[in-house]
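Q: Data: data11.txt, compact mmCIF, C-alpha atoms.
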```txt
# COMPACT_ATOMS: atom_id res chain seq x y z
CA MET G 1 0.00 0.00 0.00
CA THR G 2 1.44 3.37 -1.04
CA GLU G 3 1.67 6.31 1.33
CA LEU G 4 -1.05 8.08 -0.63
CA ASP G 5 -3.33 5.06 -0.36
CA ALA G 6 -2.67 4.83 3.38
CA ARG G 7 -3.58 8.48 3.88
CA SER G 8 -6.71 8.02 1.82
CA GLU G 9 -7.76 5.01 3.92
CA LEU G 10 -7.11 6.90 7.16
CA LEU G 11 -9.20 9.82 5.94
CA ARG G 12 -12.07 7.49 4.99
CA ALA G 13 -11.89 5.68 8.33
CA SER G 14 -11.85 8.97 10.24
CA THR G 15 -14.87 10.19 8.30
CA LEU G 16 -16.75 6.95 8.96
CA LEU G 17 -15.99 7.20 12.68
CA ASP G 18 -17.25 10.79 12.77
CA LEU G 19 -20.46 9.57 11.10
CA GLY G 20 -20.92 6.96 13.82
CA ARG G 21 -20.04 4.02 11.57
CA ALA G 22 -17.32 2.56 13.78
CA ALA G 23 -17.63 -1.00 12.43
CA GLU G 24 -16.89 0.10 8.87
CA ALA G 25 -14.03 2.27 10.06
CA ARG G 26 -12.54 -0.67 11.98
CA SER G 27 -12.69 -2.85 8.90
CA ARG G 28 -10.72 -0.35 6.83
CA LEU G 29 -8.18 0.22 9.57
CA SER G 30 -7.64 -3.49 10.08
CA THR G 31 -6.76 -3.83 6.42
CA LEU G 32 -4.35 -0.91 6.62
CA LEU G 33 -2.70 -2.19 9.82
CA ALA G 34 -2.21 -5.62 8.29
CA ALA G 35 0.14 -3.91 5.85
CA GLU G 36 1.54 -1.34 8.34
CA PRO G 37 1.26 -2.76 11.89
CA GLY G 38 3.30 0.08 13.36
CA ASN G 39 1.21 2.93 11.96
CA ALA G 40 0.61 4.97 15.12
CA PHE G 41 -2.05 7.18 13.55
CA ALA G 42 -4.03 4.14 12.42
CA LEU G 43 -3.66 2.52 15.86
CA ARG G 44 -4.95 5.65 17.59
CA LEU G 45 -7.90 5.81 15.22
CA LEU G 46 -8.63 2.10 15.68
CA ALA G 47 -8.56 2.52 19.48
CA ARG G 48 -11.16 5.26 19.14
CA CYS G 49 -13.28 2.96 16.96
CA HIS G 50 -13.13 0.21 19.58
CA HIS G 51 -14.09 2.77 22.22
CA ALA G 52 -17.04 4.00 20.17
CA ALA G 53 -18.19 0.40 19.67
CA GLY G 54 -17.98 -0.30 23.41
CA ASP G 55 -15.10 -2.80 23.15
CA MET G 56 -13.13 -1.26 25.99
CA ASP G 57 -10.53 -4.03 26.42
CA LEU G 58 -9.65 -3.81 22.74
CA ALA G 59 -9.62 -0.02 22.97
CA ILE G 60 -7.11 -0.11 25.83
CA ASP G 61 -4.89 -2.70 24.17
CA THR G 62 -4.88 -0.79 20.87
CA ALA G 63 -4.23 2.53 22.61
CA LYS G 64 -1.27 0.99 24.43
CA ALA G 65 0.06 -0.22 21.08
CA ALA G 66 -0.36 3.30 19.69
CA VAL G 67 1.57 4.75 22.65
CA ALA G 68 4.32 2.18 22.16
CA ALA G 69 4.51 3.03 18.45
CA ASP G 70 4.71 6.79 19.12
CA PRO G 71 5.42 7.50 22.81
CA ALA G 72 6.05 11.21 22.17
CA SER G 73 2.51 11.81 20.93
CA GLU G 74 0.17 13.24 23.57
CA HIS G 75 -2.77 12.06 21.45
CA GLY G 76 -2.07 8.40 22.14
CA HIS G 77 -1.90 9.01 25.88
CA ARG G 78 -5.17 10.94 25.74
CA ILE G 79 -6.92 8.11 23.91
CA LEU G 80 -5.59 5.63 26.48
CA ALA G 81 -6.73 7.87 29.35
CA ASN G 82 -10.19 8.14 27.83
CA ALA G 83 -10.47 4.36 27.54
CA PHE G 84 -9.33 3.79 31.13
CA ASN G 85 -11.72 6.48 32.35
CA SER G 86 -14.69 4.95 30.54
CA LEU G 87 -13.82 1.60 32.09
CA GLY G 88 -13.79 3.18 35.56
CA ASN G 89 -10.06 2.84 36.16
CA ARG G 90 -9.56 6.40 37.43
CA TRP G 91 -6.01 5.86 38.65
CA ALA G 92 -4.70 4.59 35.31
CA ALA G 93 -6.73 7.22 33.45
CA THR G 94 -5.26 10.02 35.57
CA ASN G 95 -1.71 8.77 35.04
CA SER G 96 -2.18 8.66 31.27
CA ALA G 97 -3.81 12.10 31.30
CA ARG G 98 -0.90 13.54 33.29
CA GLU G 99 1.58 12.06 30.79
CA ALA G 100 -0.36 13.62 27.91
CA LEU G 101 -0.29 16.97 29.71
CA ARG G 102 3.46 16.66 30.29
CA LEU G 103 3.98 16.15 26.57
CA ALA G 104 1.66 19.00 25.55
CA PRO G 105 1.23 21.51 28.40
CA ASP G 106 -0.51 24.06 26.18
CA GLU G 107 -3.04 21.64 24.67
CA TRP G 108 -6.46 22.41 26.16
CA ARG G 109 -7.68 18.86 25.58
CA CYS G 110 -5.03 17.57 27.96
CA HIS G 111 -6.18 19.90 30.73
CA TRP G 112 -9.80 19.04 30.01
CA LEU G 113 -9.07 15.32 30.14
CA LEU G 114 -7.14 15.55 33.40
CA ALA G 115 -10.04 17.44 34.99
CA GLU G 116 -12.47 14.85 33.64
CA CYS G 117 -10.44 12.02 35.18
CA LEU G 118 -10.03 13.77 38.54
CA ARG G 119 -13.52 15.16 39.02
CA HIS G 120 -14.92 11.87 40.32
CA SER G 121 -12.34 11.35 43.05
CA ASP G 122 -10.89 14.79 43.76
CA PRO G 123 -12.86 17.77 42.41
CA HIS G 124 -10.53 20.18 44.24
CA ALA G 125 -7.59 18.83 42.21
CA ALA G 126 -9.70 18.87 39.04
CA LEU G 127 -10.59 22.56 39.38
CA PRO G 128 -7.22 24.09 38.26
CA ALA G 129 -7.14 21.85 35.19
CA ALA G 130 -10.74 22.70 34.31
CA HIS G 131 -10.00 26.40 34.77
CA ARG G 132 -6.89 26.19 32.59
CA ALA G 133 -8.82 24.41 29.85
CA ARG G 134 -11.30 27.33 29.82
CA GLU G 135 -8.45 29.80 29.53
CA LEU G 136 -6.86 27.94 26.61
CA ALA G 137 -10.11 27.27 24.73
CA PRO G 138 -12.72 29.87 25.70
CA ASN G 139 -14.78 29.15 22.56
CA GLU G 140 -15.10 25.40 23.23
CA ALA G 141 -18.46 24.70 24.84
CA ASP G 142 -17.32 21.42 26.40
CA VAL G 143 -14.71 23.08 28.62
CA HIS G 144 -17.38 25.29 30.18
CA VAL G 145 -19.63 22.28 30.79
CA LEU G 146 -16.83 20.40 32.54
CA TYR G 147 -15.95 23.46 34.62
CA GLY G 148 -19.60 23.64 35.66
CA VAL G 149 -19.60 19.97 36.64
CA VAL G 150 -16.51 20.43 38.80
CA VAL G 151 -17.72 23.53 40.62
CA LYS G 152 -21.12 21.92 41.16
CA GLN G 153 -19.39 19.05 42.94
CA LEU G 154 -17.74 21.68 45.13
CA GLY G 155 -21.17 23.08 46.03
CA ARG G 156 -20.98 26.21 43.85
CA THR G 157 -24.27 25.65 42.05
CA GLU G 158 -24.84 29.18 40.77
CA GLU G 159 -21.36 29.26 39.25
CA ALA G 160 -22.10 25.89 37.68
CA ARG G 161 -25.34 27.20 36.17
CA ALA G 162 -23.50 30.20 34.75
CA ALA G 163 -20.91 27.90 33.16
CA TYR G 164 -23.61 25.73 31.56
CA LEU G 165 -25.41 28.81 30.23
CA HIS G 166 -22.14 30.09 28.80
CA ALA G 167 -21.66 26.75 27.05
CA LEU G 168 -25.14 27.08 25.54
CA SER G 169 -24.31 30.58 24.32
CA ILE G 170 -21.54 28.92 22.28
CA ASN G 171 -23.54 25.86 21.24
CA PRO G 172 -27.29 26.10 21.88
CA ASN G 173 -27.74 22.45 20.87
CA LEU G 174 -25.32 21.01 23.44
CA ALA G 175 -27.31 18.21 25.07
CA THR G 176 -25.07 17.81 28.13
CA ALA G 177 -25.48 21.47 29.11
CA HIS G 178 -29.28 21.25 28.89
CA ASN G 179 -29.20 18.06 30.97
CA ASN G 180 -26.98 19.57 33.65
CA ILE G 181 -29.10 22.70 33.97
CA ALA G 182 -32.14 20.45 34.37
CA VAL G 183 -30.35 18.59 37.19
CA LEU G 184 -29.87 21.92 38.98
CA ASP G 185 -33.53 22.78 38.43
CA ARG G 186 -34.60 19.44 39.88
CA ALA G 187 -32.40 19.94 42.95
CA SER G 188 -34.08 23.31 43.59
CA GLY G 189 -37.59 21.88 43.18
CA ARG G 190 -38.33 23.40 39.77
CA TRP G 191 -39.93 20.20 38.56
CA SER G 192 -41.58 21.43 35.39
CA ARG G 193 -38.43 23.20 34.21
CA ALA G 194 -36.31 20.16 35.07
CA LEU G 195 -38.50 17.78 33.07
CA ALA G 196 -38.59 20.18 30.13
CA GLY G 197 -34.80 20.55 30.32
CA PHE G 198 -34.23 16.80 30.21
CA ARG G 199 -36.63 16.56 27.29
CA THR G 200 -34.75 19.33 25.45
CA SER G 201 -31.47 17.52 26.07
CA LEU G 202 -32.92 14.31 24.67
CA ARG G 203 -34.28 16.14 21.63
CA HIS G 204 -30.81 17.48 20.80
CA ASN G 205 -29.25 14.04 21.29
CA PRO G 206 -31.81 11.20 21.09
CA GLN G 207 -29.08 8.64 21.85
CA GLN G 208 -28.16 10.25 25.16
CA LYS G 209 -28.84 7.70 27.87
CA LEU G 210 -28.29 10.07 30.80
CA ALA G 211 -31.11 12.47 29.94
CA ARG G 212 -33.52 9.58 29.39
CA GLU G 213 -32.62 8.12 32.80
CA ASN G 214 -32.95 11.52 34.46
CA LEU G 215 -36.41 11.97 32.95
CA ALA G 216 -37.57 8.64 34.30
CA ASN G 217 -35.90 9.17 37.68
CA THR G 218 -37.54 12.57 38.11
CA ILE G 219 -41.03 11.25 37.43
CA VAL G 220 -40.42 8.30 39.76
CA LEU G 221 -39.09 10.66 42.41
CA LEU G 222 -42.24 12.77 42.28
CA LEU G 223 -44.43 9.66 42.55
CA ARG G 224 -42.43 8.35 45.50
CA ARG G 225 -42.74 11.64 47.31
CA LEU G 226 -46.47 11.51 46.72
CA CYS G 227 -46.45 7.98 48.17
CA ALA G 228 -44.69 9.25 51.28
CA ILE G 229 -47.34 11.96 51.66
CA ALA G 230 -50.11 9.39 51.16
CA TYR G 231 -48.52 7.22 53.81
CA ALA G 232 -48.46 10.18 56.20
CA CYS G 233 -52.16 10.76 55.47
CA VAL G 234 -52.92 7.16 56.43
CA LEU G 235 -51.13 7.68 59.73
CA VAL G 236 -53.08 10.88 60.36
CA VAL G 237 -56.38 9.12 59.68
CA VAL G 238 -55.52 6.16 61.93
CA PHE G 239 -54.49 8.49 64.74
CA ALA G 240 -57.61 10.61 64.28
CA ALA G 241 -59.84 7.53 64.41
CA GLY G 242 -59.12 7.20 68.10
CA VAL G 243 -60.10 10.73 69.07
CA ALA G 244 -62.40 12.19 66.40
CA SER G 245 -66.09 11.69 65.82
CA PRO G 246 -67.26 9.90 62.65
CA LEU G 247 -68.33 13.23 61.12
CA VAL G 248 -65.00 14.91 61.80
CA LEU G 249 -63.16 11.83 60.55
CA ARG G 250 -65.18 11.89 57.35
CA GLY G 251 -64.37 15.57 56.79
CA LEU G 252 -60.69 14.88 57.39
CA GLY G 253 -60.80 11.97 54.96
CA ILE G 254 -62.43 14.08 52.25
CA THR G 255 -59.83 16.81 52.68
CA LEU G 256 -56.90 14.41 52.55
CA THR G 257 -58.32 12.51 49.59
CA ALA G 258 -58.85 15.73 47.65
CA GLY G 259 -55.30 16.81 48.40
CA LEU G 260 -53.80 13.48 47.36
CA CYS G 261 -55.80 13.36 44.13
CA ALA G 262 -54.79 16.94 43.36
CA GLY G 263 -51.15 15.98 43.89
CA LEU G 264 -51.42 13.04 41.51
CA VAL G 265 -53.16 15.15 38.88
CA TRP G 266 -50.47 17.82 39.19
CA ILE G 267 -47.68 15.26 38.71
CA LEU G 268 -49.35 13.66 35.70
CA ALA G 269 -50.22 17.04 34.12
CA THR G 270 -46.73 18.45 34.72
CA ALA G 271 -45.03 15.37 33.29
CA ARG G 272 -47.35 15.27 30.29
CA ARG G 273 -46.95 18.98 29.60
CA SER G 274 -43.17 18.89 29.95
CA VAL G 275 -42.20 15.66 28.20
CA GLY G 276 -45.29 14.57 26.28
CA ALA G 277 -45.77 10.93 25.39
CA PHE G 278 -42.53 9.95 27.11
CA ALA G 279 -44.26 10.44 30.47
CA THR G 280 -47.01 8.01 29.49
CA MET G 281 -44.41 5.47 28.43
CA ILE G 282 -42.65 5.72 31.81
CA LEU G 283 -45.91 5.32 33.72
CA ARG G 284 -46.75 2.22 31.72
CA SER G 285 -43.35 0.51 31.54
CA ASP G 286 -41.17 1.63 34.46
CA ARG G 287 -41.58 -0.81 37.34
CA ARG G 288 -40.62 1.81 39.90
CA ALA G 289 -43.36 4.13 38.67
CA LEU G 290 -45.92 1.32 38.60
CA THR G 291 -44.97 0.26 42.13
CA ALA G 292 -45.30 3.83 43.38
CA LEU G 293 -48.74 4.15 41.77
CA ILE G 294 -49.87 0.88 43.39
CA VAL G 295 -48.63 1.98 46.82
CA PHE G 296 -50.37 5.32 46.36
CA ALA G 297 -53.62 3.62 45.33
CA VAL G 298 -53.53 1.36 48.39
CA ALA G 299 -52.90 4.28 50.75
CA LEU G 300 -55.66 6.31 49.09
CA ALA G 301 -58.05 3.37 49.38
CA ILE G 302 -57.33 3.08 53.10
CA VAL G 303 -58.14 6.76 53.60
CA VAL G 304 -61.33 6.55 51.54
CA VAL G 305 -62.64 3.29 53.01
CA GLY G 306 -61.62 4.01 56.59
CA ALA G 307 -62.33 7.73 56.88
CA ILE G 308 -64.95 8.64 54.28
CA VAL G 309 -67.00 5.51 53.67
CA GLN G 310 -66.06 4.11 57.08
CA LEU G 311 -66.76 0.54 56.04
CA VAL G 312 -63.77 -0.42 58.15
CA PRO G 313 -63.85 1.19 61.62
CA LEU G 314 -60.28 2.42 61.96
CA ARG G 315 -60.75 2.89 65.69
CA ASP G 316 -61.32 -0.84 66.09
CA VAL G 317 -58.44 -1.63 63.73
CA ARG G 318 -56.17 0.63 65.73
CA ALA G 319 -57.21 -1.04 68.96
CA ALA G 320 -56.77 -4.50 67.46
CA LEU G 321 -53.26 -3.66 66.34
CA GLY G 322 -52.38 -2.47 69.80
CA GLY G 323 -52.07 1.17 68.86
CA PHE G 324 -48.82 2.92 68.10
CA GLY G 325 -47.48 2.76 71.58
CA HIS G 326 -47.83 -0.95 72.44
CA GLU G 327 -45.56 -3.79 71.36
CA GLY G 328 -44.59 -2.02 68.14
CA HIS G 329 -47.20 -3.79 66.03
CA LEU G 330 -47.18 -0.99 63.48
CA LEU G 331 -43.42 -0.65 63.22
CA PRO G 332 -43.26 -2.57 59.90
CA PHE G 333 -45.83 -0.19 58.40
CA ILE G 334 -43.87 2.81 59.67
CA GLY G 335 -40.69 1.28 58.24
CA VAL G 336 -42.26 0.93 54.79
CA GLY G 337 -43.22 4.60 54.80
CA LEU G 338 -39.79 5.70 55.91
CA LEU G 339 -38.22 3.52 53.20
CA ILE G 340 -40.35 5.19 50.54
CA ALA G 341 -39.35 8.63 51.76
CA ALA G 342 -35.67 7.68 52.04
CA ARG G 343 -35.53 6.22 48.53
CA GLY G 344 -37.16 9.35 47.17
CA ALA G 345 -34.62 11.56 48.93
CA ARG G 346 -31.73 9.43 47.67
CA ASN G 347 -32.95 9.69 44.07
CA ALA G 348 -33.15 13.46 44.42
CA LYS G 349 -29.36 13.63 44.78
CA LYS G 350 -28.59 11.89 41.49
```
As structure tokens, what does this structure read like?
A:
Amino acid sequence: MTELDARSELLRASTLLDLGRAAEARSRLSTLLAAEPGNAFALRLLARCHHAAGDMDLAIDTAKAAVAADPASEHGHRILANAFNSLGNRWAATNSAREALRLAPDEWRCHWLLAECLRHSDPHAALPAAHRARELAPNEADVHVLYGVVVKQLGRTEEARAAYLHALSINPNLATAHNNIAVLDRASGRWSRALAGFRTSLRHNPQQKLARENLANTIVLLLRRLCAIAYACVLVVVFAAGVASPLVLRGLGITLTAGLCAGLVWILATARRSVGAFATMILRSDRRALTALIVFAVALAIVVVGAIVQLVPLRDVRAALGGFGHEGHLLPFIGVGLLIAARGARNAKK
């Protein structure tokens, strides 16, 4: 294969990779490497193809071969660091990223990559690298997104939001920035804006798994919080059954039922308005959402039957169970409610 042919094949493979056709690119590169096994450029490109295809072991092995073929190239070390980082080997990824930065201290991608590798384990150490990447490449949207991620981990949420918005001013279609802003909105209780933000992120990148998961998690979180409230309403009704008259108990039951139904309607309307048919799909297919709806329905039924219809005298049930102060008969029920609330709170942090 002539040098011109090799360059032509590399250009075609690079174009195919950029188009998301990693398998075709790998095929061309394999043919080229059969003739030139030490071609560092081809090895680096093949490692990226393996990475894009999800074959991380092959990506690491090929990246190591590329580094061995051209140890002075920072690009090979960056590709190796990316592969290690995607595999979750932060230590190896950080070492490779540091070596790339040593070889090319003024390359913004090296600073960006080092910050990306460090942000999981040591955001304080990642901050200078993220800041330097912004200085070297102020017109690259990705460096502002990563800076926002790092400062968010340090608790500087408003600075993170400003960084994400700056990234969007450079690239309004950047899905990761829309997703990260939506995460901030969710954390501050702006549910409608958060759902709409995740939906916008998914619209800009339909293959993005993170935004899809965040959409589902947010709807499930809202349903679980509603379950916790419904559970609390059941406790209120059971307590009231021992001290209130049937008329007062019925009025309390009507009030609580109306409030719970209004909460469910608000969640369904907000989800539908913000994300459209995707909300319906989650409610029908996500087991967590279905479980939350079943728990809510059971709690609502207890309130209706025990407090409004009063087919089951809750006062007698309370006495039969020994009340809340004797022998802990209701501790399992209390534990279930606390578990629902705790799982909802844990999801809110993701």
Q: Identify, on the basis of only C-alpha atoms, every residue whose closest approach to range 255-263 of chain G does not exceed 12 Å; exclude the query and any residue fewer than 4 positions from it along the same chain; express the result as an MDAnalysis selection string.
A: chainID G and resid 222:237 248:251 267:270 293 296:297 299:309
Q: State, in Å with one decimal place, the distance from CA of Leu154 in chain G to CA of Leu202 in chain G.
A: 26.5 Å
Q: Excluding Leu43 in chain G and any residue of its chain fewer than 4 positions from it, enumerate the residues within 10 Å of it, using only C-alpha atoms, and give them as a PyMOL selection string.
A: chain G and resi 29-30+32-33+36-39+47-49+59+61-67+69-70+76
Q: For CA of Leu210 in chain G and CA of Thr176 in chain G, determine how far apart the two atoms are, in Å to one decimal place.
A: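 Atom-to-atom, CA of Leu210 in chain G and CA of Thr176 in chain G are spaced 8.8 Å apart.
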Q: Any idea what's packed within 12 Å of Pro105 in chain G, counting all atoms listed in the file, ignoring anything in its chain fewer than 5 positions away? Could you give it as a PyMOL selection string?
A: chain G and resi 74+97-100+110-112+114+129+132-133+136
Q: Which value, in Å to one decimal, gives the distance between CA of Leu10 in chain G and CA of Ala68 in chain G?
A: 19.4 Å
Q: Here is a test: counting all atoms listed in the file, which residue of G:Ser73, G:Ser27, G:Asn180, G:Thr15 is nearest to Ala40 in chain G?
A: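 Answer, going by the shortest atom-to-atom distance: G:Ser73.
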Q: If we count all atoms listed in the file, what is near Val220 in chain G at a cut-off of 10 Å, once residues fewer than 6 positions away on the same chain are taken out, given as a ChimeraX atom specification?
A: /G:214,226,282-283,286-293,344,347
Q: Here is a test: counting only C-alpha atoms, which residue of G:Phe84, G:Arg109, G:Val265, G:Arg190 is nearest to Ile60 in chain G?
A: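 So, comparing all the options, the nearest one is G:Phe84.
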Q: Taking all atoms listed in the file into account, which of G:Ser245, G:Ser86, G:Ser274, G:Ser14 comes nearest Leu46 in chain G?
A: G:Ser14
Q: Contacts of range 87-93 of chain G at 12 Å or less, counting all atoms listed in the file, minus same-chain residues fewer than 4 places along, as a PyMOL selection string?
A: chain G and resi 51+54-60+64+77-83+97-100+110+113-122
Q: Closest to Ser192 in chain G among G:Leu247, G:Val149, G:Ala162, G:Ala271, using only C-alpha atoms?
A: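 For Ser192 in chain G, the nearest of the candidates is G:Ala271.
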